[in-house]
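K.L.:
Got a structure for you, data-v5.cif, holding mmCIF, C-alpha atoms.
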data_start
loop_
_atom_site.label_atom_id
_atom_site.label_comp_id
_atom_site.auth_asym_id
_atom_site.auth_seq_id
_atom_site.Cartn_x
_atom_site.Cartn_y
_atom_site.Cartn_z
CA MET A 1 44.98 -4.33 14.45
CA GLN A 2 42.30 -1.66 14.44
CA LYS A 3 39.37 -2.38 16.74
CA MET A 4 35.86 -2.40 15.23
CA THR A 5 34.78 0.18 17.80
CA ASP A 6 37.48 2.55 16.52
CA LEU A 7 35.96 2.64 13.02
CA GLU A 8 33.75 5.51 11.96
CA ARG A 9 30.18 5.39 13.26
CA THR A 10 28.61 7.42 10.45
CA LYS A 11 29.44 8.20 6.84
CA THR A 12 28.33 10.36 3.97
CA ILE A 13 28.13 8.26 0.79
CA ASN A 14 27.03 10.52 -2.05
CA ASN A 15 27.95 7.90 -4.63
CA GLY A 16 27.08 8.76 -8.23
CA GLU A 17 24.28 11.16 -9.13
CA LYS A 18 20.77 11.59 -7.80
CA VAL A 19 18.32 9.48 -9.86
CA GLN A 20 15.27 10.85 -11.64
CA PRO A 21 12.73 11.08 -8.77
CA THR A 22 9.22 9.71 -8.84
CA PHE A 23 7.67 13.11 -8.21
CA SER A 24 8.62 16.69 -9.02
CA LYS A 25 10.64 18.88 -6.67
CA GLY A 26 7.57 21.06 -6.18
CA GLU A 27 5.48 18.04 -5.17
CA MET A 28 8.00 16.91 -2.57
CA GLU A 29 8.50 20.42 -1.24
CA ASN A 30 4.75 20.80 -0.80
CA ARG A 31 4.45 17.52 1.14
CA ASN A 32 7.19 18.64 3.52
CA ARG A 33 5.78 22.16 3.76
CA ILE A 34 2.47 20.71 5.01
CA LEU A 35 4.39 18.45 7.40
CA ARG A 36 6.33 21.39 8.84
CA ARG A 37 3.14 23.42 9.19
CA ASN A 38 1.62 20.56 11.17
CA MET A 39 4.77 20.38 13.29
CA VAL A 40 4.41 24.06 14.18
CA GLU A 41 0.74 23.61 15.07
CA MET A 42 1.64 20.66 17.33
CA GLY A 43 4.64 22.41 18.85
CA ILE A 44 7.03 19.74 17.55
CA ASP A 45 10.70 20.62 17.01
CA ALA A 46 11.72 17.51 15.04
CA VAL A 47 10.12 14.38 13.61
CA LEU A 48 11.73 10.95 13.59
CA PHE A 49 9.92 8.80 11.03
CA THR A 50 10.68 5.07 11.12
CA SER A 51 7.92 3.54 8.95
CA TYR A 52 8.17 2.48 5.33
CA HIS A 53 5.17 4.57 4.33
CA ASN A 54 6.07 7.92 5.85
CA ILE A 55 9.75 7.73 4.96
CA ASN A 56 8.74 6.97 1.38
CA TYR A 57 6.00 9.61 1.29
CA TYR A 58 8.21 12.45 2.50
CA SER A 59 11.52 11.40 0.92
CA ASP A 60 10.78 9.10 -2.09
CA PHE A 61 13.07 6.46 -0.54
CA LEU A 62 11.68 3.01 0.24
CA TYR A 63 14.05 1.07 2.46
CA THR A 64 14.72 -2.64 2.79
CA THR A 65 15.03 -3.36 6.49
CA PHE A 66 16.65 -6.83 6.64
CA GLY A 67 16.94 -6.50 10.42
CA ARG A 68 18.25 -2.92 10.44
CA SER A 69 16.54 0.35 11.32
CA TYR A 70 15.92 3.27 8.96
CA ALA A 71 14.64 6.76 9.55
CA LEU A 72 13.78 10.15 8.16
CA VAL A 73 14.56 13.13 10.37
CA VAL A 74 12.76 16.38 9.58
CA THR A 75 13.22 19.71 11.37
CA GLU A 76 12.44 23.26 10.36
CA ASP A 77 15.53 23.33 8.14
CA LYS A 78 16.79 19.73 7.88
CA HIS A 79 15.64 16.70 5.93
CA TYR A 80 17.80 13.59 6.34
CA THR A 81 17.19 9.94 5.58
CA VAL A 82 19.16 7.67 7.93
CA SER A 83 20.29 4.45 6.29
CA ALA A 84 22.56 1.46 6.91
CA ASN A 85 26.05 1.15 5.48
CA ILE A 86 25.06 -2.06 3.69
CA ASP A 87 23.05 0.02 1.18
CA ALA A 88 25.98 2.37 0.42
CA GLY A 89 24.94 5.28 -1.83
CA GLN A 90 21.55 4.01 -3.01
CA PRO A 91 19.50 5.69 -0.24
CA TRP A 92 21.16 9.05 -1.00
CA ARG A 93 20.56 8.67 -4.72
CA ARG A 94 16.86 8.04 -4.12
CA SER A 95 16.25 10.47 -1.26
CA PHE A 96 14.69 13.87 -1.59
CA GLY A 97 17.11 15.82 0.60
CA ASP A 98 20.18 14.70 2.51
CA ASN A 99 21.29 11.32 3.79
CA ILE A 100 23.47 10.04 6.60
CA VAL A 101 24.79 6.47 6.78
CA TYR A 102 25.43 4.54 9.97
CA THR A 103 27.80 1.58 10.23
CA ASP A 104 27.54 -1.75 12.05
CA TRP A 105 30.68 -1.18 14.09
CA ASN A 106 28.83 -0.05 17.24
CA LYS A 107 25.60 -1.46 18.59
CA ASP A 108 23.59 1.78 18.67
CA ASN A 109 24.96 3.61 15.66
CA PHE A 110 21.45 4.10 14.24
CA LEU A 111 20.37 6.43 17.02
CA TYR A 112 23.85 7.94 17.15
CA ALA A 113 23.30 9.02 13.53
CA VAL A 114 19.92 10.51 14.42
CA GLN A 115 21.55 12.43 17.29
CA LYS A 116 24.22 13.66 14.90
CA VAL A 117 21.60 15.04 12.50
CA LEU A 118 20.09 16.92 15.45
CA ASN A 119 23.51 18.23 16.49
CA GLY A 120 23.48 16.21 19.69
CA SER A 121 20.59 18.21 21.11
CA SER A 122 17.41 16.80 22.63
CA PRO A 123 14.31 18.40 21.05
CA GLN A 124 11.71 19.57 23.53
CA ARG A 125 9.01 17.69 21.61
CA LEU A 126 10.00 14.88 19.21
CA GLY A 127 7.46 13.48 16.78
CA VAL A 128 7.41 9.69 16.40
CA GLU A 129 5.03 7.07 14.99
CA TYR A 130 3.34 5.09 17.76
CA ASP A 131 1.75 2.78 15.21
CA HIS A 132 5.19 1.67 14.02
CA LEU A 133 7.65 1.87 16.93
CA THR A 134 8.16 -1.33 18.87
CA LEU A 135 8.27 -1.00 22.64
CA GLU A 136 12.00 -1.71 22.50
CA MET A 137 12.70 1.00 19.92
CA GLN A 138 10.48 3.49 21.69
CA GLN A 139 12.51 3.00 24.86
CA LYS A 140 15.76 3.35 22.92
CA VAL A 141 14.56 6.60 21.37
CA GLN A 142 13.55 7.92 24.77
CA ASP A 143 16.93 6.94 26.21
CA ALA A 144 18.72 8.67 23.31
CA PHE A 145 16.68 11.84 23.88
CA PRO A 146 16.00 11.81 27.64
CA ASN A 147 14.79 15.39 27.76
CA SER A 148 12.38 15.05 24.86
CA GLU A 149 8.65 14.48 25.06
CA LEU A 150 7.66 11.89 22.45
CA VAL A 151 4.57 12.97 20.50
CA ASP A 152 2.62 10.70 18.15
CA VAL A 153 2.39 12.03 14.56
CA SER A 154 1.01 8.90 12.89
CA LYS A 155 -2.58 10.13 12.69
CA VAL A 156 -1.86 13.63 11.39
CA THR A 157 0.46 12.27 8.70
CA MET A 158 -2.12 9.65 7.74
CA LYS A 159 -4.71 12.38 7.22
CA GLN A 160 -2.29 14.24 4.98
CA ARG A 161 -1.63 11.12 2.90
CA MET A 162 -5.37 10.50 2.47
CA ILE A 163 -5.67 13.51 0.14
CA LYS A 164 -3.78 12.83 -3.07
CA SER A 165 -2.06 15.41 -5.25
CA GLN A 166 -2.52 15.46 -9.01
CA GLU A 167 0.90 13.83 -9.43
CA GLU A 168 -0.09 11.02 -7.08
CA ILE A 169 -3.38 10.51 -8.89
CA GLU A 170 -1.56 10.31 -12.21
CA LEU A 171 0.71 7.58 -10.81
CA ILE A 172 -2.27 5.70 -9.34
CA LYS A 173 -4.05 5.86 -12.71
CA ASN A 174 -1.01 4.32 -14.36
CA GLY A 175 -1.02 1.68 -11.66
CA ALA A 176 -4.65 0.83 -12.38
CA ARG A 177 -3.88 0.59 -16.09
CA ILE A 178 -0.97 -1.74 -15.40
CA ALA A 179 -3.11 -3.84 -13.05
CA ASP A 180 -5.50 -4.35 -15.99
CA ILE A 181 -2.57 -5.49 -18.13
CA GLY A 182 -1.69 -7.99 -15.41
CA GLY A 183 -5.30 -9.16 -15.35
CA ALA A 184 -5.27 -9.84 -19.09
CA ALA A 185 -2.04 -11.83 -18.69
CA VAL A 186 -3.59 -13.88 -15.89
CA VAL A 187 -6.59 -14.77 -18.07
CA GLU A 188 -4.20 -15.65 -20.90
CA ALA A 189 -2.37 -18.14 -18.67
CA ILE A 190 -5.47 -19.87 -17.27
CA GLY A 191 -5.95 -23.42 -18.46
CA GLU A 192 -6.91 -26.86 -17.17
CA GLY A 193 -4.05 -28.40 -15.22
CA VAL A 194 -2.07 -25.15 -14.98
CA PRO A 195 -0.75 -24.49 -11.43
CA GLU A 196 -1.75 -21.31 -9.65
CA TYR A 197 1.85 -20.14 -9.38
CA GLU A 198 2.39 -20.32 -13.16
CA VAL A 199 -0.62 -18.08 -13.72
CA ALA A 200 0.63 -15.68 -11.05
CA LEU A 201 4.12 -15.53 -12.56
CA HIS A 202 2.72 -14.67 -15.99
CA GLY A 203 0.73 -11.76 -14.58
CA THR A 204 3.62 -10.47 -12.49
CA GLN A 205 6.02 -10.49 -15.43
CA ALA A 206 3.60 -8.57 -17.65
CA MET A 207 3.14 -5.84 -15.03
CA THR A 208 6.83 -5.56 -14.18
CA ARG A 209 7.72 -5.06 -17.83
CA GLU A 210 5.09 -2.35 -18.24
CA ILE A 211 6.24 -0.56 -15.07
CA ALA A 212 9.79 -0.59 -16.44
CA ARG A 213 8.57 0.86 -19.74
CA THR A 214 6.45 3.56 -18.09
CA TYR A 215 8.87 4.44 -15.27
CA PRO A 216 12.37 3.65 -16.58
CA ASN A 217 14.07 5.22 -13.55
CA ALA A 218 12.06 3.38 -10.90
CA GLU A 219 13.16 0.46 -8.77
CA LEU A 220 11.36 -2.68 -9.95
CA ARG A 221 10.18 -4.33 -6.77
CA ASP A 222 7.23 -5.71 -4.81
CA THR A 223 4.81 -6.21 -7.72
CA TRP A 224 2.87 -9.44 -7.25
CA VAL A 225 -0.21 -11.52 -8.10
CA TRP A 226 -2.52 -13.49 -5.85
CA PHE A 227 -4.17 -16.06 -8.10
CA GLN A 228 -6.39 -18.52 -6.31
CA SER A 229 -8.53 -21.45 -7.39
CA GLY A 230 -11.16 -23.58 -5.72
CA ILE A 231 -10.96 -23.62 -1.93
CA ASN A 232 -7.98 -21.25 -2.07
CA THR A 233 -10.33 -18.41 -3.05
CA ASP A 234 -11.77 -18.29 0.48
CA GLY A 235 -9.25 -15.72 1.73
CA ALA A 236 -8.56 -12.42 0.02
CA HIS A 237 -4.84 -12.59 0.88
CA ASN A 238 -4.11 -16.23 0.08
CA TRP A 239 -0.88 -16.67 -1.86
CA ALA A 240 -0.55 -18.80 -4.98
CA THR A 241 0.10 -22.51 -4.47
CA SER A 242 0.85 -25.50 -6.69
CA ARG A 243 -2.85 -26.42 -6.93
CA LYS A 244 -3.82 -27.04 -10.55
CA ILE A 245 -6.88 -25.48 -12.16
CA GLN A 246 -9.78 -27.85 -12.69
CA ARG A 247 -12.87 -27.58 -14.83
CA GLY A 248 -15.66 -25.86 -12.91
CA ASP A 249 -13.28 -24.06 -10.53
CA ILE A 250 -14.09 -20.70 -9.05
CA LEU A 251 -11.04 -18.50 -9.61
CA SER A 252 -9.85 -15.27 -8.05
CA LEU A 253 -7.66 -12.89 -10.07
CA ASN A 254 -5.75 -10.32 -7.98
CA THR A 255 -3.01 -8.18 -9.57
CA PHE A 256 -0.92 -5.66 -7.63
CA PRO A 257 1.55 -3.46 -9.49
CA MET A 258 3.81 -1.53 -7.12
CA ILE A 259 5.33 1.71 -8.40
CA ALA A 260 7.72 3.56 -6.07
CA GLY A 261 5.91 2.20 -3.02
CA TYR A 262 2.43 3.04 -4.38
CA TYR A 263 -0.12 0.24 -4.38
CA THR A 264 -2.88 -0.35 -6.91
CA ALA A 265 -5.02 -3.42 -7.42
CA LEU A 266 -7.41 -5.32 -9.63
CA GLU A 267 -9.51 -8.16 -8.23
CA ARG A 268 -12.04 -10.26 -10.12
CA THR A 269 -14.10 -13.42 -9.68
CA LEU A 270 -13.87 -15.86 -12.59
CA PHE A 271 -15.01 -19.39 -13.33
CA PHE A 272 -13.25 -21.91 -15.51
CA GLU A 273 -15.46 -23.49 -18.17
CA ASP A 274 -18.57 -24.20 -16.04
CA VAL A 275 -20.63 -22.39 -13.39
CA THR A 276 -23.59 -23.81 -11.43
CA ASP A 277 -26.88 -22.00 -10.86
CA ARG A 278 -26.06 -21.31 -7.20
CA GLU A 279 -22.59 -20.04 -8.06
CA LEU A 280 -24.09 -17.75 -10.65
CA GLU A 281 -26.67 -16.48 -8.15
CA LEU A 282 -24.03 -15.68 -5.53
CA TRP A 283 -21.79 -14.04 -8.10
CA GLU A 284 -24.60 -11.80 -9.35
CA ILE A 285 -25.54 -10.75 -5.81
CA ASN A 286 -21.95 -9.70 -5.17
CA VAL A 287 -21.88 -7.81 -8.46
CA LYS A 288 -25.07 -6.01 -7.37
CA VAL A 289 -23.35 -4.90 -4.16
CA HIS A 290 -20.29 -3.87 -6.14
CA GLU A 291 -22.28 -1.70 -8.53
CA ARG A 292 -24.36 -0.08 -5.80
CA GLY A 293 -21.18 0.63 -3.87
CA GLN A 294 -19.70 2.48 -6.82
CA GLU A 295 -22.83 4.63 -6.99
CA LEU A 296 -22.56 5.52 -3.29
CA ILE A 297 -18.97 6.74 -3.48
CA LYS A 298 -19.16 10.51 -3.95
CA PRO A 299 -18.10 13.71 -2.19
CA GLY A 300 -19.96 14.22 1.07
CA ALA A 301 -20.76 10.55 1.70
CA ARG A 302 -19.68 9.03 5.03
CA CYS A 303 -17.74 5.77 4.97
CA MET A 304 -19.96 4.21 7.64
CA ASP A 305 -23.16 5.08 5.77
CA ILE A 306 -21.93 3.40 2.59
CA ALA A 307 -21.12 0.25 4.57
CA ALA A 308 -24.54 0.27 6.25
CA GLU A 309 -26.45 0.47 2.97
CA LEU A 310 -24.43 -2.27 1.34
CA ASN A 311 -24.98 -4.45 4.40
CA ASP A 312 -28.71 -4.22 3.69
CA ILE A 313 -28.27 -5.85 0.27
CA TYR A 314 -26.36 -8.78 1.72
CA ARG A 315 -28.85 -9.03 4.58
CA GLU A 316 -31.74 -9.21 2.10
CA HIS A 317 -30.16 -12.33 0.60
CA GLY A 318 -29.10 -13.88 3.90
CA LEU A 319 -25.43 -13.33 3.11
CA LEU A 320 -24.34 -10.69 5.62
CA PRO A 321 -22.59 -13.30 7.82
CA ASN A 322 -20.59 -14.33 4.73
CA ARG A 323 -19.06 -10.88 4.26
CA THR A 324 -15.35 -11.03 5.13
CA PHE A 325 -13.95 -7.47 5.38
CA GLY A 326 -14.65 -3.77 4.78
CA TYR A 327 -16.02 -2.59 1.46
CA GLY A 328 -12.99 -0.55 0.39
CA HIS A 329 -9.95 1.43 1.41
CA SER A 330 -7.67 4.29 0.48
CA PHE A 331 -4.78 4.04 -1.97
CA GLY A 332 -1.29 5.49 -1.91
CA VAL A 333 1.88 4.46 -0.09
CA LEU A 334 0.90 1.02 1.20
CA SER A 335 1.51 -2.64 0.54
CA HIS A 336 0.85 -6.05 2.04
CA TYR A 337 3.75 -5.49 4.41
CA TYR A 338 3.57 -1.79 5.19
CA GLY A 339 1.22 1.13 5.41
CA ARG A 340 -2.50 1.55 5.87
CA GLU A 341 -4.70 4.63 5.86
CA ALA A 342 -7.16 3.31 8.39
CA GLY A 343 -9.05 6.59 8.52
CA LEU A 344 -10.34 6.03 4.99
CA GLU A 345 -11.94 2.60 4.96
CA LEU A 346 -15.53 1.74 4.09
CA ARG A 347 -16.45 0.19 7.42
CA GLU A 348 -19.22 0.67 9.96
CA ASP A 349 -16.87 2.31 12.49
CA VAL A 350 -15.30 4.92 10.18
CA GLU A 351 -16.94 8.36 10.20
CA THR A 352 -14.69 9.96 7.56
CA VAL A 353 -16.53 12.04 4.94
CA LEU A 354 -15.36 11.49 1.37
CA GLU A 355 -13.90 14.55 -0.33
CA PRO A 356 -12.07 15.54 -3.53
CA GLY A 357 -8.53 14.20 -3.71
CA MET A 358 -9.36 10.90 -2.07
CA VAL A 359 -8.84 7.63 -3.93
CA ILE A 360 -10.79 4.64 -2.67
CA SER A 361 -11.74 1.13 -3.74
CA MET A 362 -15.06 -0.63 -3.89
CA GLU A 363 -14.36 -4.30 -3.18
CA PRO A 364 -17.17 -6.37 -1.68
CA MET A 365 -16.46 -10.00 -0.85
CA ILE A 366 -18.45 -12.95 0.45
CA MET A 367 -17.11 -16.40 1.34
CA ILE A 368 -19.18 -19.59 1.18
CA PRO A 369 -17.54 -22.46 3.15
CA GLU A 370 -16.68 -25.81 1.61
CA GLY A 371 -19.54 -28.29 1.60
CA GLN A 372 -22.17 -25.64 0.86
CA PRO A 373 -23.58 -24.97 -2.62
CA GLY A 374 -21.53 -22.31 -4.37
CA ALA A 375 -18.50 -22.72 -2.08
CA GLY A 376 -15.68 -20.23 -2.60
CA GLY A 377 -14.76 -16.56 -2.32
CA TYR A 378 -16.48 -13.99 -4.53
CA ARG A 379 -15.01 -10.49 -4.88
CA GLU A 380 -14.71 -7.62 -7.31
CA HIS A 381 -12.48 -4.56 -6.96
CA ASP A 382 -12.48 -1.18 -8.71
CA ILE A 383 -10.56 2.01 -7.89
CA LEU A 384 -12.40 5.33 -7.82
CA VAL A 385 -10.89 8.83 -7.83
CA ILE A 386 -12.98 11.55 -6.18
CA SER A 387 -12.68 15.05 -7.63
CA GLU A 388 -14.55 18.35 -7.55
CA ASP A 389 -16.35 17.29 -10.72
CA GLY A 390 -17.44 13.84 -9.56
CA VAL A 391 -16.01 10.34 -9.39
CA GLU A 392 -13.91 8.51 -11.97
CA ASN A 393 -13.59 4.73 -12.03
CA ILE A 394 -10.04 4.12 -13.25
CA THR A 395 -10.37 0.31 -13.39
CA LYS A 396 -11.29 -0.82 -16.90
CA PHE A 397 -11.10 -4.62 -16.64
CA PRO A 398 -14.64 -6.05 -17.06
CA TYR A 399 -16.41 -7.92 -14.25
CA GLY A 400 -19.28 -10.33 -13.83
CA PRO A 401 -20.61 -13.49 -15.49
CA GLU A 402 -20.98 -11.87 -18.91
CA HIS A 403 -17.20 -11.45 -19.18
CA ASN A 404 -15.40 -13.75 -16.78
CA ILE A 405 -16.48 -17.32 -17.41
CA ILE A 406 -13.23 -18.45 -18.99
CA ARG A 407 -13.63 -21.04 -21.72
CA LYS A 408 -10.68 -22.42 -23.66
#
Mind converting the file's structure to structure tokens?

P.N.:
Amino acid sequence: MQKMTDLERTKTINNGEKVQPTFSKGEMENRNRILRRNMVEMGIDAVLFTSYHNINYYSDFLYTTFGRSYALVVTEDKHYTVSANIDAGQPWRRSFGDNIVYTDWNKDNFLYAVQKVLNGSSPQRLGVEYDHLTLEMQQKVQDAFPNSELVDVSKVTMKQRMIKSQEEIELIKNGARIADIGGAAVVEAIGEGVPEYEVALHGTQAMTREIARTYPNAELRDTWVWFQSGINTDGAHNWATSRKIQRGDILSLNTFPMIAGYYTALERTLFFEDVTDRELELWEINVKVHERGQELIKPGARCMDIAAELNDIYREHGLLPNRTFGYGHSFGVLSHYYGREAGLELREDVETVLEPGMVISMEPMIMIPEGQPGAGGYREHDILVISEDGVENITKFPYGPEHNIIRK
């Protein structure tokens, strides 16, 4: 009987043909050209990416971890995704560049595969992502490359991702359009006695079908809806439950189409049938913040200054303590379980200056606790693209009391 440890540790599984990629060859080459230029400036010989977002950004492959490790290794002349044998040829088909597969037959085959890509050598300076590596994996990487100095590349790659190409912006615009389609489906499904999850399912199905129509070669994954009612609107990231919609409920519509790892969103406050005077007052204050925020987003504005001015509006109405998070964030390769471009958030501690090529949301939210008049979470969310010519709001779904008191 052959021992497991005698079986091959790595494979090449070029099964089938490469699929139609999300982006053009020129787009992907340019991303990696900028990466390699940054590597030269930092004196880095090789980069070992382990995160969902950077592997996807530089290779167009979005992995499914399921307890296994994945990587992208980039040197001056190599570009390899490192994937698990369980996925067979799919990572190669979806990777820009080469792919190497590691098997389960030895405990540390993942790093063995990385070493193989690097010809068994130990780079003098090896780029890694400190914001993604666990302490355990960091030690394993260091043990695998004992003569290498580990250098953090997470911040420089984040800055690169913050400026979107025209191809990325086109995809994000399609995402915003599809989010609006999901929003219309959510409104269609709203009714007295309907559970939150049924509304969410209706919105998710509508978006998934439109993604499939628009991007017939894409993987259909990760698209979702957060639809909340009543007390469940208090948190922006509360998942749908079995709670049934009641007359007079505050509702929160949140649609998230995911296209090739790229996140877009639509978020709206709604009421079902009835709205009290205090609820209407709170809603209109939040809409005022939302509209002023859109006006403030423009080239040359600092994130922290936008946050400070919007704070003044809430403060004027005694609602600043009810604000729950930053006023907006960047878009691109991110999701609820991976990725974040923390350098481009509309918060008081972010000094980043807005510039053409950035895509950012305006999404103010306040939360009024149960037992107080107007209890619930109020939020609106639009996506804005900054260009040399100005700012374009690519979210078309209407907001505010004039449009979103749902009566059936």

K.L.:
Selection in question (the file shown): the PyMOL selection byres ((chain A and resi 24) around 12). Which residues does it include, as a list in words?

P.N.:
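Selected by the PyMOL selection byres ((chain A and resi 24) around 12) here: Gln20, Pro21, Thr22, Phe23, Lys25, Gly26, Glu27, Met28, Glu29, Asn30, Arg31, Ser59, Asp60, Phe96, Ser165, Gln166, Glu167 and Glu168 of chain A.
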
K.L.:
The PyMOL selection byres ((chain A and resi 250) around 7) - which residues does that actually catch in the file I just gave you? List them as number ranges by chain.

P.N.:
A: 229-230, 248-249, 251-252, 270-272, 376

K.L.:
Take the residues just selected and output them with C-alpha atoms as a PDB file, keeping the file's coordinate frame.

P.N.:
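Output file result-v9.pdb follows:
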ATOM      1  CA  SER A 229      -8.530 -21.450  -7.390  1.00  0.00           C
ATOM      2  CA  GLY A 230     -11.160 -23.580  -5.720  1.00  0.00           C
ATOM      3  CA  GLY A 248     -15.660 -25.860 -12.910  1.00  0.00           C
ATOM      4  CA  ASP A 249     -13.280 -24.060 -10.530  1.00  0.00           C
ATOM      5  CA  LEU A 251     -11.040 -18.500  -9.610  1.00  0.00           C
ATOM      6  CA  SER A 252      -9.850 -15.270  -8.050  1.00  0.00           C
ATOM      7  CA  LEU A 270     -13.870 -15.860 -12.590  1.00  0.00           C
ATOM      8  CA  PHE A 271     -15.010 -19.390 -13.330  1.00  0.00           C
ATOM      9  CA  PHE A 272     -13.250 -21.910 -15.510  1.00  0.00           C
ATOM     10  CA  GLY A 376     -15.680 -20.230  -2.600  1.00  0.00           C
TER      11      GLY A 376
END

K.L.:
So that I can see what lies close to segment 183-198 of chain A, please list as an mmCIF file with C-alpha atoms, keeping the file's coordinate frame the residues with an atom at most 9 Å from it, counting only C-alpha atoms and leaving out residues fewer than 5 positions away in the same chain.

P.N.:
data_model
loop_
_atom_site.group_PDB
_atom_site.id
_atom_site.type_symbol
_atom_site.label_atom_id
_atom_site.label_comp_id
_atom_site.auth_asym_id
_atom_site.auth_seq_id
_atom_site.Cartn_x
_atom_site.Cartn_y
_atom_site.Cartn_z
ATOM 1 C CA ILE A 178 -0.970 -1.740 -15.400
ATOM 2 C CA GLY A 203 0.730 -11.760 -14.580
ATOM 3 C CA THR A 204 3.620 -10.470 -12.490
ATOM 4 C CA GLN A 205 6.020 -10.490 -15.430
ATOM 5 C CA ALA A 206 3.600 -8.570 -17.650
ATOM 6 C CA MET A 207 3.140 -5.840 -15.030
ATOM 7 C CA VAL A 225 -0.210 -11.520 -8.100
ATOM 8 C CA TRP A 226 -2.520 -13.490 -5.850
ATOM 9 C CA PHE A 227 -4.170 -16.060 -8.100
ATOM 10 C CA GLN A 228 -6.390 -18.520 -6.310
ATOM 11 C CA SER A 229 -8.530 -21.450 -7.390
ATOM 12 C CA TRP A 239 -0.880 -16.670 -1.860
ATOM 13 C CA ALA A 240 -0.550 -18.800 -4.980
ATOM 14 C CA THR A 241 0.100 -22.510 -4.470
ATOM 15 C CA SER A 242 0.850 -25.500 -6.690
ATOM 16 C CA ARG A 243 -2.850 -26.420 -6.930
ATOM 17 C CA LYS A 244 -3.820 -27.040 -10.550
ATOM 18 C CA ILE A 245 -6.880 -25.480 -12.160
ATOM 19 C CA GLN A 246 -9.780 -27.850 -12.690
ATOM 20 C CA ARG A 247 -12.870 -27.580 -14.830
ATOM 21 C CA LEU A 253 -7.660 -12.890 -10.070
ATOM 22 C CA ASN A 254 -5.750 -10.320 -7.980
ATOM 23 C CA THR A 255 -3.010 -8.180 -9.570
ATOM 24 C CA LEU A 266 -7.410 -5.320 -9.630
ATOM 25 C CA GLU A 267 -9.510 -8.160 -8.230
ATOM 26 C CA ARG A 268 -12.040 -10.260 -10.120
ATOM 27 C CA PHE A 272 -13.250 -21.910 -15.510
ATOM 28 C CA PHE A 397 -11.100 -4.620 -16.640
ATOM 29 C CA ASN A 404 -15.400 -13.750 -16.780
ATOM 30 C CA ILE A 406 -13.230 -18.450 -18.990
ATOM 31 C CA ARG A 407 -13.630 -21.040 -21.720
ATOM 32 C CA LYS A 408 -10.680 -22.420 -23.660
#

K.L.:
Find the residues around Glu402 of chain A up to 12 Å (all atoms listed in the file counted), leave out those fewer than 4 positions away in its own chain, and share them as a ChimeraX atom specification.

P.N.:
/A:269-271,275,280,283-284,287,398,406

K.L.:
In Å, rounded to a single decimal, give me how far atom CA of Lys159 of chain A is from atom CA of Lys173 of chain A.

P.N.:
21.0 Å

K.L.:
Show me, as an NGL selection string, the residues that have an atom within 12 Å of Glu392 of chain A when counting only C-alpha atoms, minus same-chain residues fewer than 6 positions from it.

P.N.:
:A and (169 or 173 or 294-295 or 297-299 or 356-361 or 382-386)

K.L.:
Given the file shown, enumerate the residues that the PyMOL selection byres ((chain A and resi 340) around 12) captures and present them as a PDB file with C-alpha atoms, in the coordinates of the input.

P.N.:
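Output file result.pdb is given in full below:
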ATOM      1  CA  SER A  51       7.920   3.540   8.950  1.00  0.00           C
ATOM      2  CA  TYR A  52       8.170   2.480   5.330  1.00  0.00           C
ATOM      3  CA  HIS A  53       5.170   4.570   4.330  1.00  0.00           C
ATOM      4  CA  ASN A  54       6.070   7.920   5.850  1.00  0.00           C
ATOM      5  CA  ASP A 131       1.750   2.780  15.210  1.00  0.00           C
ATOM      6  CA  HIS A 132       5.190   1.670  14.020  1.00  0.00           C
ATOM      7  CA  SER A 154       1.010   8.900  12.890  1.00  0.00           C
ATOM      8  CA  LYS A 155      -2.580  10.130  12.690  1.00  0.00           C
ATOM      9  CA  THR A 157       0.460  12.270   8.700  1.00  0.00           C
ATOM     10  CA  MET A 158      -2.120   9.650   7.740  1.00  0.00           C
ATOM     11  CA  LYS A 159      -4.710  12.380   7.220  1.00  0.00           C
ATOM     12  CA  ARG A 161      -1.630  11.120   2.900  1.00  0.00           C
ATOM     13  CA  MET A 162      -5.370  10.500   2.470  1.00  0.00           C
ATOM     14  CA  TYR A 262       2.430   3.040  -4.380  1.00  0.00           C
ATOM     15  CA  TYR A 263      -0.120   0.240  -4.380  1.00  0.00           C
ATOM     16  CA  HIS A 329      -9.950   1.430   1.410  1.00  0.00           C
ATOM     17  CA  SER A 330      -7.670   4.290   0.480  1.00  0.00           C
ATOM     18  CA  PHE A 331      -4.780   4.040  -1.970  1.00  0.00           C
ATOM     19  CA  GLY A 332      -1.290   5.490  -1.910  1.00  0.00           C
ATOM     20  CA  VAL A 333       1.880   4.460  -0.090  1.00  0.00           C
ATOM     21  CA  LEU A 334       0.900   1.020   1.200  1.00  0.00           C
ATOM     22  CA  SER A 335       1.510  -2.640   0.540  1.00  0.00           C
ATOM     23  CA  HIS A 336       0.850  -6.050   2.040  1.00  0.00           C
ATOM     24  CA  TYR A 337       3.750  -5.490   4.410  1.00  0.00           C
ATOM     25  CA  TYR A 338       3.570  -1.790   5.190  1.00  0.00           C
ATOM     26  CA  GLY A 339       1.220   1.130   5.410  1.00  0.00           C
ATOM     27  CA  GLU A 341      -4.700   4.630   5.860  1.00  0.00           C
ATOM     28  CA  ALA A 342      -7.160   3.310   8.390  1.00  0.00           C
ATOM     29  CA  GLY A 343      -9.050   6.590   8.520  1.00  0.00           C
ATOM     30  CA  LEU A 344     -10.340   6.030   4.990  1.00  0.00           C
ATOM     31  CA  GLU A 345     -11.940   2.600   4.960  1.00  0.00           C
TER      32      GLU A 345
END

K.L.:
For Leu72 of chain A, list every protein, DNA or RNA residue within 6 Å, evaluated using only C-alpha atoms, and leave out those in the same chain fewer than 4 positions away; present the list as a list in words.

P.N.:
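The residues that qualify are Leu48, Phe49, Ile55, Tyr80, Thr81 and Val82 of chain A.
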